[in-house]
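Worksheet for the structure shown next.
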Amino acid sequence: MEIILIGFMASGKTTISQLLGQKLALPVHDLDDEIEARSKLRIPQIFRQYGEPYFRDLEADTLAATIHLPGILATGGGTPLRVRNRQAIRASGAKIILLQAAAGKIYRRLQKRSNRPLATGLSVQAVADLQANRSAAYEECADITINTGELTVQQTIERIITEL
Ligand code: S3P
């Protein structure tokens, strides 16, 4: 990969990766989509039937199989949690971009989508707590951190391109 996007659920990884791919004329991969394609199961179904540890194994295997492809990769919000994944991300040579957004904003975005098993019933405080738990793992990987709070999608893309 040339570029890997990391960050919390609903931080904009998928949207930004698609637009960045168009702008830079690079192929775009989404790790959750790859996991679903490989397992022939939807993410909520994987969590429900097999549990989170099984999902994390699938995620790590899919990351290892995908990371050498050319282009841009949007990871899942939990991908950097495993040491092995952080090492693979760091060793890939890609520019690693961390997208950040405030808990309140993430919370509101999470209300709109239902394909995230770990997001169901999360309060704003629970989002903030989970962000705090994960921030060290994210920051360990990141080359560039973009706080998307005050930025439009277009401005986020421009900021990334300037910082690449
Ligand atoms: C997860 C984030 C999801 C998906 C899975 C677990 C997480 O990806 O991989 O539901 O642990 O934060 P998104 O960040 O694209 O929602």
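Ordering of the structure tokens sets the chain letters (A, B, ...); residue numbers start at 1 within each chain; ligands are numbered from 1 in the order shown.
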Could you report the residues within 9 Å of ligand 1, using only C-alpha atoms and all ligand atoms, as a PDB file with N, CA and C atoms, in the first residue's frame?
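To be explicit, this is the file written out as out_16.pdb:
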ATOM      1  N   ILE A   6      -6.021   4.811   9.320  1.00  0.00           N
ATOM      2  CA  ILE A   6      -6.410   4.188  10.582  1.00  0.00           C
ATOM      3  C   ILE A   6      -7.257   5.179  11.385  1.00  0.00           C
ATOM      4  N   GLY A   7      -7.937   4.671  12.398  1.00  0.00           N
ATOM      5  CA  GLY A   7      -8.736   5.550  13.251  1.00  0.00           C
ATOM      6  C   GLY A   7      -9.986   4.847  13.739  1.00  0.00           C
ATOM      7  N   PHE A   8     -10.657   5.519  14.660  1.00  0.00           N
ATOM      8  CA  PHE A   8     -11.832   4.957  15.321  1.00  0.00           C
ATOM      9  C   PHE A   8     -12.964   4.705  14.328  1.00  0.00           C
ATOM     10  N   MET A   9     -13.912   3.856  14.734  1.00  0.00           N
ATOM     11  CA  MET A   9     -15.141   3.661  13.944  1.00  0.00           C
ATOM     12  C   MET A   9     -15.733   5.034  13.598  1.00  0.00           C
ATOM     13  N   ALA A  10     -16.201   5.167  12.369  1.00  0.00           N
ATOM     14  CA  ALA A  10     -16.900   6.395  11.926  1.00  0.00           C
ATOM     15  C   ALA A  10     -16.016   7.646  11.955  1.00  0.00           C
ATOM     16  N   SER A  11     -14.703   7.444  11.877  1.00  0.00           N
ATOM     17  CA  SER A  11     -13.818   8.621  11.805  1.00  0.00           C
ATOM     18  C   SER A  11     -13.676   9.104  10.363  1.00  0.00           C
ATOM     19  N   GLY A  12     -14.217   8.355   9.407  1.00  0.00           N
ATOM     20  CA  GLY A  12     -14.210   8.792   8.010  1.00  0.00           C
ATOM     21  C   GLY A  12     -13.250   8.009   7.115  1.00  0.00           C
ATOM     22  N   LYS A  13     -12.707   6.906   7.609  1.00  0.00           N
ATOM     23  CA  LYS A  13     -11.694   6.171   6.843  1.00  0.00           C
ATOM     24  C   LYS A  13     -12.199   5.731   5.464  1.00  0.00           C
ATOM     25  N   THR A  14     -13.400   5.173   5.433  1.00  0.00           N
ATOM     26  CA  THR A  14     -13.916   4.646   4.167  1.00  0.00           C
ATOM     27  C   THR A  14     -14.195   5.776   3.176  1.00  0.00           C
ATOM     28  N   ASP A  30     -10.765  -1.801   1.216  1.00  0.00           N
ATOM     29  CA  ASP A  30     -11.371  -1.597   2.535  1.00  0.00           C
ATOM     30  C   ASP A  30     -11.269  -2.931   3.278  1.00  0.00           C
ATOM     31  N   LEU A  31     -10.598  -2.908   4.419  1.00  0.00           N
ATOM     32  CA  LEU A  31     -10.306  -4.171   5.110  1.00  0.00           C
ATOM     33  C   LEU A  31     -11.582  -4.916   5.507  1.00  0.00           C
ATOM     34  N   ASP A  32     -12.592  -4.195   5.988  1.00  0.00           N
ATOM     35  CA  ASP A  32     -13.855  -4.858   6.355  1.00  0.00           C
ATOM     36  C   ASP A  32     -14.483  -5.552   5.136  1.00  0.00           C
ATOM     37  N   ILE A  35     -12.556  -8.671   4.407  1.00  0.00           N
ATOM     38  CA  ILE A  35     -12.884  -9.724   5.386  1.00  0.00           C
ATOM     39  C   ILE A  35     -14.213 -10.386   5.007  1.00  0.00           C
ATOM     40  N   ILE A  43     -19.942  -8.653   8.607  1.00  0.00           N
ATOM     41  CA  ILE A  43     -19.225  -8.440   9.876  1.00  0.00           C
ATOM     42  C   ILE A  43     -20.098  -8.760  11.114  1.00  0.00           C
ATOM     43  N   PRO A  44     -21.344  -8.235  11.185  1.00  0.00           N
ATOM     44  CA  PRO A  44     -22.156  -8.544  12.379  1.00  0.00           C
ATOM     45  C   PRO A  44     -22.379 -10.043  12.569  1.00  0.00           C
ATOM     46  N   PHE A  47     -19.263 -11.663  14.156  1.00  0.00           N
ATOM     47  CA  PHE A  47     -19.255 -11.417  15.613  1.00  0.00           C
ATOM     48  C   PHE A  47     -20.284 -12.293  16.314  1.00  0.00           C
ATOM     49  N   GLU A  52     -15.735 -12.129  18.835  1.00  0.00           N
ATOM     50  CA  GLU A  52     -14.742 -11.123  18.442  1.00  0.00           C
ATOM     51  C   GLU A  52     -13.343 -11.707  18.206  1.00  0.00           C
ATOM     52  N   PHE A  55     -13.096 -12.925  14.788  1.00  0.00           N
ATOM     53  CA  PHE A  55     -13.060 -11.789  13.855  1.00  0.00           C
ATOM     54  C   PHE A  55     -11.658 -11.189  13.810  1.00  0.00           C
ATOM     55  N   ARG A  56     -11.033 -11.024  14.977  1.00  0.00           N
ATOM     56  CA  ARG A  56      -9.689 -10.407  15.023  1.00  0.00           C
ATOM     57  C   ARG A  56      -8.657 -11.269  14.299  1.00  0.00           C
ATOM     58  N   GLU A  59      -9.255 -10.721  10.690  1.00  0.00           N
ATOM     59  CA  GLU A  59      -8.793  -9.366  10.359  1.00  0.00           C
ATOM     60  C   GLU A  59      -7.276  -9.359  10.166  1.00  0.00           C
ATOM     61  N   ALA A  74      -8.204   1.322   3.720  1.00  0.00           N
ATOM     62  CA  ALA A  74      -8.971   1.775   4.888  1.00  0.00           C
ATOM     63  C   ALA A  74      -9.067   0.583   5.836  1.00  0.00           C
ATOM     64  N   THR A  75      -8.483   0.695   7.017  1.00  0.00           N
ATOM     65  CA  THR A  75      -8.514  -0.405   7.988  1.00  0.00           C
ATOM     66  C   THR A  75      -9.810  -0.339   8.797  1.00  0.00           C
ATOM     67  N   GLY A  76     -10.034  -1.324   9.655  1.00  0.00           N
ATOM     68  CA  GLY A  76     -11.136  -1.273  10.618  1.00  0.00           C
ATOM     69  C   GLY A  76     -10.669  -0.520  11.861  1.00  0.00           C
ATOM     70  N   GLY A  77     -11.619  -0.029  12.634  1.00  0.00           N
ATOM     71  CA  GLY A  77     -11.267   0.755  13.818  1.00  0.00           C
ATOM     72  C   GLY A  77     -10.424  -0.003  14.833  1.00  0.00           C
ATOM     73  N   GLY A  78     -10.530  -1.340  14.824  1.00  0.00           N
ATOM     74  CA  GLY A  78      -9.780  -2.126  15.807  1.00  0.00           C
ATOM     75  C   GLY A  78      -8.507  -2.747  15.255  1.00  0.00           C
ATOM     76  N   THR A  79      -8.224  -2.512  13.987  1.00  0.00           N
ATOM     77  CA  THR A  79      -7.074  -3.184  13.359  1.00  0.00           C
ATOM     78  C   THR A  79      -5.752  -2.922  14.080  1.00  0.00           C
ATOM     79  N   LEU A  81      -5.102  -2.635  17.081  1.00  0.00           N
ATOM     80  CA  LEU A  81      -5.055  -3.093  18.476  1.00  0.00           C
ATOM     81  C   LEU A  81      -4.081  -4.247  18.668  1.00  0.00           C
ATOM     82  N   LEU A 110     -22.403   7.217  14.564  1.00  0.00           N
ATOM     83  CA  LEU A 110     -22.665   5.799  14.837  1.00  0.00           C
ATOM     84  C   LEU A 110     -24.160   5.511  14.953  1.00  0.00           C
ATOM     85  N   ASN A 115     -24.145  -1.587  11.073  1.00  0.00           N
ATOM     86  CA  ASN A 115     -23.316  -2.749  10.729  1.00  0.00           C
ATOM     87  C   ASN A 115     -22.046  -2.835  11.583  1.00  0.00           C
ATOM     88  N   ARG A 116     -22.080  -2.182  12.773  1.00  0.00           N
ATOM     89  CA  ARG A 116     -20.904  -2.197  13.642  1.00  0.00           C
ATOM     90  C   ARG A 116     -21.284  -2.822  14.982  1.00  0.00           C
ATOM     91  N   PRO A 117     -20.966  -4.090  15.157  1.00  0.00           N
ATOM     92  CA  PRO A 117     -21.389  -4.793  16.369  1.00  0.00           C
ATOM     93  C   PRO A 117     -20.888  -4.127  17.645  1.00  0.00           C
ATOM     94  N   LEU A 118     -19.718  -3.506  17.618  1.00  0.00           N
ATOM     95  CA  LEU A 118     -19.165  -2.924  18.842  1.00  0.00           C
ATOM     96  C   LEU A 118     -19.756  -1.546  19.140  1.00  0.00           C
ATOM     97  N   ALA A 119     -20.585  -1.041  18.222  1.00  0.00           N
ATOM     98  CA  ALA A 119     -21.127   0.305  18.417  1.00  0.00           C
ATOM     99  C   ALA A 119     -22.532   0.294  19.011  1.00  0.00           C
ATOM    100  N   LEU A 130     -13.563   4.283  24.979  1.00  0.00           N
ATOM    101  CA  LEU A 130     -12.967   3.366  24.008  1.00  0.00           C
ATOM    102  C   LEU A 130     -11.897   4.090  23.179  1.00  0.00           C
TER     103      LEU A 130
END
Next on the checklist: as a PyMOL selection string, please: every residue in chain A that a backbone DSSP assignment puts in alpha helix (DSSP H).
Outcome noted: chain A and resi 13-24+31-39+43-50+52-66+83-91+103-112+124-141+153-163
Next on the checklist: Give me, as a PyMOL selection string, all polymer residues having an atom no more than 12 Å from Pro80 of chain A, counting only C-alpha atoms and skipping those fewer than 3 positions away in the same chain.
Outcome noted: chain A and resi 4-8+56+59-60+63+74-77+83-90+96+98+133-142
Checklist entry - Hey, what does DSSP flag as strand (DSSP E or B) within segment 111-159 of chain A? Can you give it to me as a PyMOL selection string? => result chain A and resi 144-147
How would the residues just picked look written out with C-alpha atoms as a JSON list (two decimals), in the first residue's frame?
[["chain", "number", "residue", "atom", "x", "y", "z"],
["A", 144, "ILE", "CA", 0.25, 11.94, 10.02],
["A", 145, "THR", "CA", -2.64, 12.77, 12.34],
["A", 146, "ILE", "CA", -5.59, 14.74, 10.98],
["A", 147, "ASN", "CA", -8.20, 16.13, 13.31]]
Checklist entry - If we count only C-alpha atoms, what is near Glu163 of chain A at a cut-off of 12 Å, once residues fewer than 2 positions away on the same chain are taken out, given as a PyMOL selection string? => result chain A and resi 3+95-97+143-146+156-161
Atoms to include: N, CA and C atoms. Write the selected residues as an mmCIF file, in the first residue's frame.
data_model
loop_
_atom_site.group_PDB
_atom_site.id
_atom_site.type_symbol
_atom_site.label_atom_id
_atom_site.label_comp_id
_atom_site.auth_asym_id
_atom_site.auth_seq_id
_atom_site.Cartn_x
_atom_site.Cartn_y
_atom_site.Cartn_z
ATOM 1 N N ILE A 3 -0.759 4.202 0.985
ATOM 2 C CA ILE A 3 -1.382 4.952 2.080
ATOM 3 C C ILE A 3 -2.283 4.003 2.876
ATOM 4 N N LYS A 95 2.428 5.460 3.920
ATOM 5 C CA LYS A 95 2.165 6.610 4.794
ATOM 6 C C LYS A 95 0.935 6.261 5.617
ATOM 7 N N ILE A 96 1.056 6.349 6.933
ATOM 8 C CA ILE A 96 -0.054 5.954 7.803
ATOM 9 C C ILE A 96 -0.761 7.220 8.295
ATOM 10 N N ILE A 97 -2.030 7.331 7.944
ATOM 11 C CA ILE A 97 -2.793 8.527 8.297
ATOM 12 C C ILE A 97 -3.840 8.182 9.345
ATOM 13 N N ASP A 143 1.879 8.240 10.967
ATOM 14 C CA ASP A 143 2.861 9.213 10.474
ATOM 15 C C ASP A 143 2.251 10.606 10.499
ATOM 16 N N ILE A 144 0.955 10.665 10.153
ATOM 17 C CA ILE A 144 0.255 11.935 10.019
ATOM 18 C C ILE A 144 -1.067 11.810 10.770
ATOM 19 N N THR A 145 -1.365 12.795 11.618
ATOM 20 C CA THR A 145 -2.644 12.774 12.340
ATOM 21 C C THR A 145 -3.484 13.954 11.880
ATOM 22 N N ILE A 146 -4.708 13.663 11.455
ATOM 23 C CA ILE A 146 -5.586 14.736 10.985
ATOM 24 C C ILE A 146 -6.801 14.799 11.909
ATOM 25 N N THR A 156 -10.346 17.851 4.343
ATOM 26 C CA THR A 156 -9.565 16.733 4.902
ATOM 27 C C THR A 156 -8.662 16.133 3.818
ATOM 28 N N ILE A 157 -9.239 15.946 2.637
ATOM 29 C CA ILE A 157 -8.468 15.398 1.503
ATOM 30 C C ILE A 157 -7.285 16.332 1.181
ATOM 31 N N GLU A 158 -7.591 17.637 1.120
ATOM 32 C CA GLU A 158 -6.532 18.605 0.792
ATOM 33 C C GLU A 158 -5.431 18.583 1.841
ATOM 34 N N ARG A 159 -5.842 18.515 3.120
ATOM 35 C CA ARG A 159 -4.862 18.471 4.209
ATOM 36 C C ARG A 159 -3.962 17.231 4.077
ATOM 37 N N ILE A 160 -4.564 16.100 3.760
ATOM 38 C CA ILE A 160 -3.786 14.869 3.616
ATOM 39 C C ILE A 160 -2.776 15.016 2.476
ATOM 40 N N ILE A 161 -3.248 15.530 1.345
ATOM 41 C CA ILE A 161 -2.373 15.655 0.182
ATOM 42 C C ILE A 161 -1.207 16.593 0.479
#
Checklist entry - A:Ala126, A:Pro70, A:Ala101, A:Arg82: which is nearest Thr152 of chain A, counting only C-alpha atoms? => result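 Selected residue with least distance to Thr152 of chain A: A:Ala101.
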